[in-house]
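To start, the structure itself, in C-alpha cells.
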Amino acid sequence: MLRQYELVERVLGYDPDADEAALNRAYVYTVQKHGTQRRASGDPYFSHPVEVAGLMTDLKLDQQTIITALLHDTVEDTLATIEDIEANFGTDVARLVDGVTKLSKIEHMAENERAAENLRKFLLAMSEDIRVLLVKLADRLHNMRTLHFIKSPEKRQRIARETMDIYAPLAERVGMYEYMREMQLLAFEQLEPEAYATITKKLEELRSQDGGQVDAIALKVKQRLAEAGLKVEVSGREKHPYSIWKKMAERHVSFEQVTDIMAFRVICDTEADCYAAMGVLHTTWQFLPGKFKDYISTPKSNGYKSLHTSLMYENSMRVEVQIRTRAMHMTNEFGLAAHWAYKQGDRPDGQVGWLRDLIEIVDASHDAEELLEHTRLAIYQDRIFAFTPKGGLFQLPKGATPVDFAFAVHTDLGAQAVGAKINGRHMPLRTPLANGDVVEIIKSKTAEPQLSWLGFVVTGKARAAIRRAVRLKERAEIAEIGRKLFDEIATKVPARIGKKAVREAVKRLELIDEEDLMFAIGAARLTDREVMEALVPGCTNDLGDDDDWTRREHQISIRGLTPGVGFHLAECCHPVPGDRIVGLRKKGEPVEVHSIGCFKLANGVDADWLDLSWGRRSQGAVGRLRVTLYDRPGTLAEMAGIFAQNHVNVKALDQVETDHPFTTYEIDSEVQDLAHLTRILSALRASDAVAQAERI
C-alpha cells in the first residue's frame, strides 16, 4: 500500500502545482473515516481507496480525481455524507464522489434492480464528467485483483460476471485496453476456472518448449525493418488466456489448432513509417488475406489507431502484428485517460457519441432488466463499419441491421424508417449489415417504430427507443379506451361532470393528471365504483353489490386503435371486422377481443366484459381457415391462385393432417373484413381441388 508521502510525491512529480495540503487532508480523512474496517483479505479497508488513487496517479490524472479516488467509498461505507465531502473538499469533488458511489443501501430492491439503479446513476454522472468512469474502472480493477479473498463462490461469480458484461466493455469503449485485458483475465479465472487452468498450463508448456522463440521472432522483425531504414521498437508476447479461449469458442477449435497465439507490436516514429513497415513485412513474409485492418485511416470510436495484420512466418507459423506510433500506443493502452489535461483548465467532453447513446438508453429503459440488457448491447465489443451515402461513418455491433443503423444516426430517423437501400439496392429492414456497407434509410413522417423490429435489432439504443415508442403508443391507446369508459361512468353519477370535477378526482386518486386517470381506467386499475366515488364522494353508498348498475349501455368502438397495442385479437377465434365482438379486460393487460361465439369466453369470468364494436370502416385482421385438399398434383397451386385472385396475403400455412387421398392445411390470411373472408371461403368451396373449407 502507498504511504501518504509516496502518493503526494507521485502527484507532485507530474503536477507541481497540485495542492499538497488538500491531498494530505484527503488521505487522512479516508484513513480516519474507514477506521478499523477490514477487507476480505484482512487488510485495513483504507488500503483499497489508497490503491485506487495510486492507479489514478499512474494515469497522471489531476488532484481532484486523486482526491475522489481516496474518498470514493466514504459515503457508501462510513458515516460521511456528500455534504461533509463538499464542506471539506469542494463542490467538484463532492459531485465526483456522488457519481462513483453505489446505491447499495437500497435494501428493498431485488439484486438486478439494485445493479440497474447503480448503473443508471453511474452513467448519468459519467455523462457530466468522464472522470467518474476512470475512478470507477480503477475501483473495479483493484476489487478484481483482490476478488479471490472473498469466501462466497456465488458472490465472486456475480462480481466477475458484472465485470465481464459491463466494466471490461466500458474500459474497451474508452480505449483503456490495459484495464480491459486485466479485468477480462481476472473475471475469466472466476467464471471458467477449468478452462483458465488448462490454457494457462498449456501456455507455460509452450513457453518452456519454444526456447525463446518469441524474442527471436521479435529480433528478426526488428532486423528486417532496420535493413529497410526504419527505426522501430518491437516486442512480442503470447495472447492472454481469455483471448485464446474466446478464439477457441468462436472457431470451435482446440488449443493446438489456434495458430495465432503469438502477437507482436511494432512502435514507429511517424504514421508514414507505420505504412512503410507494413509494406516491408508484407513483402518479407506472406500475409493472410482478410486479416489486414487499417485503424489509422479509420479509427475505432474510442480513438484506437493501429495497423493490424497476420503473417505466415517461417515453418508456416502464423503470427499477428500491430503497427503504431508511440502517441497512438499511449492512447490505445489508456484511451481517454491518456490525453485529458485538467491542470491546464481543460474539461473533458464526456458527451462522446456512444456515451450519448447510453444516456438515451437510461431515459428510455422501462425497468431494471431492460436497462441492464440495453446497456450490455450498447457497449458490446465486436463491431462493423457502415457508411451513410454522404460518407458518414458509424460503428455498430456485428449482426446490426438498417434499423440499428438508422437509430445510430438519429433517434428520429430510426422512428421514421420504412425501408432501406444497402449499396444502392432495396433490401429488407432485417438484413444484417456487412463491413463497409453504404446504407440509405428511406423514411416517412407518418411512420412509427414497429413492435416486430424487436425480433431482429441488436443495438441497445434501437431496442430502448422501439420499446419506449411502443409503450407510449400502448399507453395512449389504453387511455383512449379508458376515456370511452369514463364517458359512460360519468353518466351514472348524480351530477354533471366538468373539468374541475375531473381534476379533483385525479387528486383524490393520487394520480398525475387526467391522462393518467384515463389510462388507469382503461387498464382496469380502477373499478367503476372507485371512479364514481372520486368524482362525487358518497355517490356509491346506496349502490348494491350486484352487477346491474355496472352493465355497459353503449358499445365501445375500437376503430383507430392498433391490434397488438391497444388491444389483442384473440388467437382462439381470430375475429375480423364484421364479427360481433366482446372484450375481456384484466388488470394491467390490454383488452383481449373475442368473437361472440368463442368457446374460450367461458374462461373470462374473472375479467371485466366490454361490449365492443369495430367502428365504421374498420378494416384488416387475420382470419384462420382450415382447408382440406385432394392429394394430387396442382391442388396446392390452385388454392394459392384463389388467394391471389382475391387479393389475400397469406401470413402462415401449416400442413396439419395427411389422410390419403386428402391433405389438410391451416392458413392465416390477411382479410379486409367478414365479407372478404366469406368470398374467399365461397371460392375455395367451389374449386375442384378443395374437398372442404371452413373458418376456425
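Labels for the C-alpha cells follow display order: chains A, B, ..., residues from 1 in each chain, ligands from 1.
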
Please give the complete set of residues from stretch 407-611 of chain A that DSSP, run on the backbone, assigns to strand (DSSP E), formatted as a ChimeraX atom specification. /A:417-422,425-427,437-443,556-557,567-569,581-585,591-595,608-611

Neighbour list for A:Pro494 as a PyMOL selection string, cut-off 9 Å, only C-alpha atoms, skip fewer than 4 positions in-chain: chain A and resi 490+536+539

Residues near A:Val627, cut-off 9 Å, only C-alpha atoms, skip fewer than 6 positions along chain, as a ChimeraX atom specification:
/A:663-667,684,690-695

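Excluding A:Cys598 itself and any same-chain residue fewer than 3 positions from it, the protein and nucleic acid residues within 8 Å of it, counting only C-alpha atoms, are A:Cys572, A:Cys573, A:His594, A:Ser595, A:Leu601.
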
Output C-alpha atoms for every residue in the selection just made, as an mmCIF file, in the first residue's frame.
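Once everything was written out, this is again11.cif:
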```cif
data_model
loop_
_atom_site.group_PDB
_atom_site.id
_atom_site.type_symbol
_atom_site.label_atom_id
_atom_site.label_comp_id
_atom_site.auth_asym_id
_atom_site.auth_seq_id
_atom_site.Cartn_x
_atom_site.Cartn_y
_atom_site.Cartn_z
ATOM 1 C CA CYS A 572 -58.523 -18.787 -30.311
ATOM 2 C CA CYS A 573 -61.207 -17.310 -32.577
ATOM 3 C CA HIS A 594 -63.124 -12.322 -28.967
ATOM 4 C CA SER A 595 -65.922 -13.121 -31.371
ATOM 5 C CA LEU A 601 -65.162 -16.759 -23.374
#
```

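Between A:Val576 and the candidates A:Glu592, A:Ala520, A:Asp165, A:His676, the tightest atom-to-atom separation, counting only C-alpha atoms, involves A:His676.
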
Exercise for the section: Pick out the residues sitting within 8 Å of A:Leu225, and hand them over as a list in words; count only C-alpha atoms, and ignore anything fewer than 5 positions along from it in its own chain. Expected result: Leu230, Lys231, Val232, Ala277, Val280 and Leu281 of chain A

Generate a file of the selected residues that holds all heavy atoms, formatted as a PDB file, in the first residue's frame.
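Now in selection.pdb:
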```
ATOM      1  N   LEU A 230      14.210   1.682 -41.240  1.00  0.00           N
ATOM      2  CA  LEU A 230      13.179   2.101 -40.289  1.00  0.00           C
ATOM      3  C   LEU A 230      13.657   1.867 -38.864  1.00  0.00           C
ATOM      4  O   LEU A 230      14.104   0.763 -38.507  1.00  0.00           O
ATOM      5  CB  LEU A 230      11.882   1.320 -40.526  1.00  0.00           C
ATOM      6  CG  LEU A 230      11.171   1.595 -41.859  1.00  0.00           C
ATOM      7  CD1 LEU A 230      10.066   0.583 -42.080  1.00  0.00           C
ATOM      8  CD2 LEU A 230      10.608   3.007 -41.881  1.00  0.00           C
ATOM      9  N   LYS A 231      13.561   2.922 -38.044  1.00  0.00           N
ATOM     10  CA  LYS A 231      13.935   2.821 -36.640  1.00  0.00           C
ATOM     11  C   LYS A 231      12.680   2.495 -35.837  1.00  0.00           C
ATOM     12  O   LYS A 231      11.763   3.317 -35.730  1.00  0.00           O
ATOM     13  CB  LYS A 231      14.552   4.135 -36.173  1.00  0.00           C
ATOM     14  CG  LYS A 231      15.090   4.086 -34.755  1.00  0.00           C
ATOM     15  CD  LYS A 231      15.706   5.422 -34.360  1.00  0.00           C
ATOM     16  CE  LYS A 231      16.209   5.370 -32.927  1.00  0.00           C
ATOM     17  NZ  LYS A 231      16.787   6.678 -32.503  1.00  0.00           N
ATOM     18  N   VAL A 232      12.635   1.305 -35.274  1.00  0.00           N
ATOM     19  CA  VAL A 232      11.412   0.854 -34.599  1.00  0.00           C
ATOM     20  C   VAL A 232      11.757   0.134 -33.307  1.00  0.00           C
ATOM     21  O   VAL A 232      12.904  -0.259 -33.079  1.00  0.00           O
ATOM     22  CB  VAL A 232      10.594  -0.099 -35.505  1.00  0.00           C
ATOM     23  CG1 VAL A 232      10.152   0.586 -36.778  1.00  0.00           C
ATOM     24  CG2 VAL A 232      11.395  -1.365 -35.805  1.00  0.00           C
ATOM     25  N   ALA A 277       6.525   0.204 -42.734  1.00  0.00           N
ATOM     26  CA  ALA A 277       6.833  -1.041 -42.030  1.00  0.00           C
ATOM     27  C   ALA A 277       5.902  -2.162 -42.465  1.00  0.00           C
ATOM     28  O   ALA A 277       6.332  -3.314 -42.651  1.00  0.00           O
ATOM     29  CB  ALA A 277       6.722  -0.819 -40.525  1.00  0.00           C
ATOM     30  N   VAL A 280       7.067  -3.506 -45.771  1.00  0.00           N
ATOM     31  CA  VAL A 280       8.256  -4.358 -45.640  1.00  0.00           C
ATOM     32  C   VAL A 280       7.863  -5.747 -45.141  1.00  0.00           C
ATOM     33  O   VAL A 280       8.315  -6.773 -45.674  1.00  0.00           O
ATOM     34  CB  VAL A 280       9.274  -3.707 -44.672  1.00  0.00           C
ATOM     35  CG1 VAL A 280      10.420  -4.682 -44.374  1.00  0.00           C
ATOM     36  CG2 VAL A 280       9.815  -2.413 -45.264  1.00  0.00           C
ATOM     37  N   LEU A 281       7.009  -5.807 -44.120  1.00  0.00           N
ATOM     38  CA  LEU A 281       6.597  -7.102 -43.565  1.00  0.00           C
ATOM     39  C   LEU A 281       5.818  -7.924 -44.585  1.00  0.00           C
ATOM     40  O   LEU A 281       5.991  -9.145 -44.680  1.00  0.00           O
ATOM     41  CB  LEU A 281       5.760  -6.891 -42.298  1.00  0.00           C
ATOM     42  CG  LEU A 281       6.482  -6.244 -41.110  1.00  0.00           C
ATOM     43  CD1 LEU A 281       5.521  -6.063 -39.940  1.00  0.00           C
ATOM     44  CD2 LEU A 281       7.681  -7.077 -40.686  1.00  0.00           C
TER      45      LEU A 281
END
```

Atom pair atom CA of A:Thr298 + atom CA of A:Thr411, distance 24.3 Å

Please return, as an mmCIF file with C-alpha atoms, in the first residue's frame, all residues of stretch 600-684 of chain A that DSSP assigns to alpha helix (DSSP H) on the basis of the backbone.
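Final output, states26.cif:
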```cif
data_model
loop_
_atom_site.group_PDB
_atom_site.id
_atom_site.type_symbol
_atom_site.label_atom_id
_atom_site.label_comp_id
_atom_site.auth_asym_id
_atom_site.auth_seq_id
_atom_site.Cartn_x
_atom_site.Cartn_y
_atom_site.Cartn_z
ATOM 1 C CA THR A 635 -54.121 -28.684 -55.937
ATOM 2 C CA LEU A 636 -51.912 -26.562 -53.678
ATOM 3 C CA ALA A 637 -51.102 -24.242 -56.596
ATOM 4 C CA GLU A 638 -54.809 -23.925 -57.413
ATOM 5 C CA MET A 639 -55.584 -22.959 -53.810
ATOM 6 C CA ALA A 640 -52.768 -20.381 -53.872
ATOM 7 C CA GLY A 641 -54.261 -18.977 -57.082
ATOM 8 C CA ILE A 642 -57.631 -18.484 -55.361
ATOM 9 C CA PHE A 643 -55.964 -16.470 -52.594
ATOM 10 C CA ALA A 644 -54.088 -14.376 -55.176
ATOM 11 C CA GLN A 645 -57.271 -13.674 -57.205
ATOM 12 C CA LEU A 674 -66.019 -10.641 -42.764
ATOM 13 C CA ALA A 675 -67.469 -10.180 -46.280
ATOM 14 C CA HIS A 676 -63.985 -10.554 -47.794
ATOM 15 C CA LEU A 677 -63.387 -13.729 -45.780
ATOM 16 C CA THR A 678 -66.758 -15.135 -46.852
ATOM 17 C CA ARG A 679 -65.930 -14.561 -50.559
ATOM 18 C CA ILE A 680 -62.655 -16.452 -50.132
ATOM 19 C CA LEU A 681 -64.434 -19.383 -48.473
ATOM 20 C CA SER A 682 -67.022 -19.485 -51.270
ATOM 21 C CA ALA A 683 -64.310 -19.517 -53.945
ATOM 22 C CA LEU A 684 -62.440 -22.319 -52.165
#
```

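You can rank A:Arg430, A:His142, A:His48, A:Arg475 by their closest distance to A:Pro402 using only C-alpha atoms, and at the top of that list sits A:Arg430.
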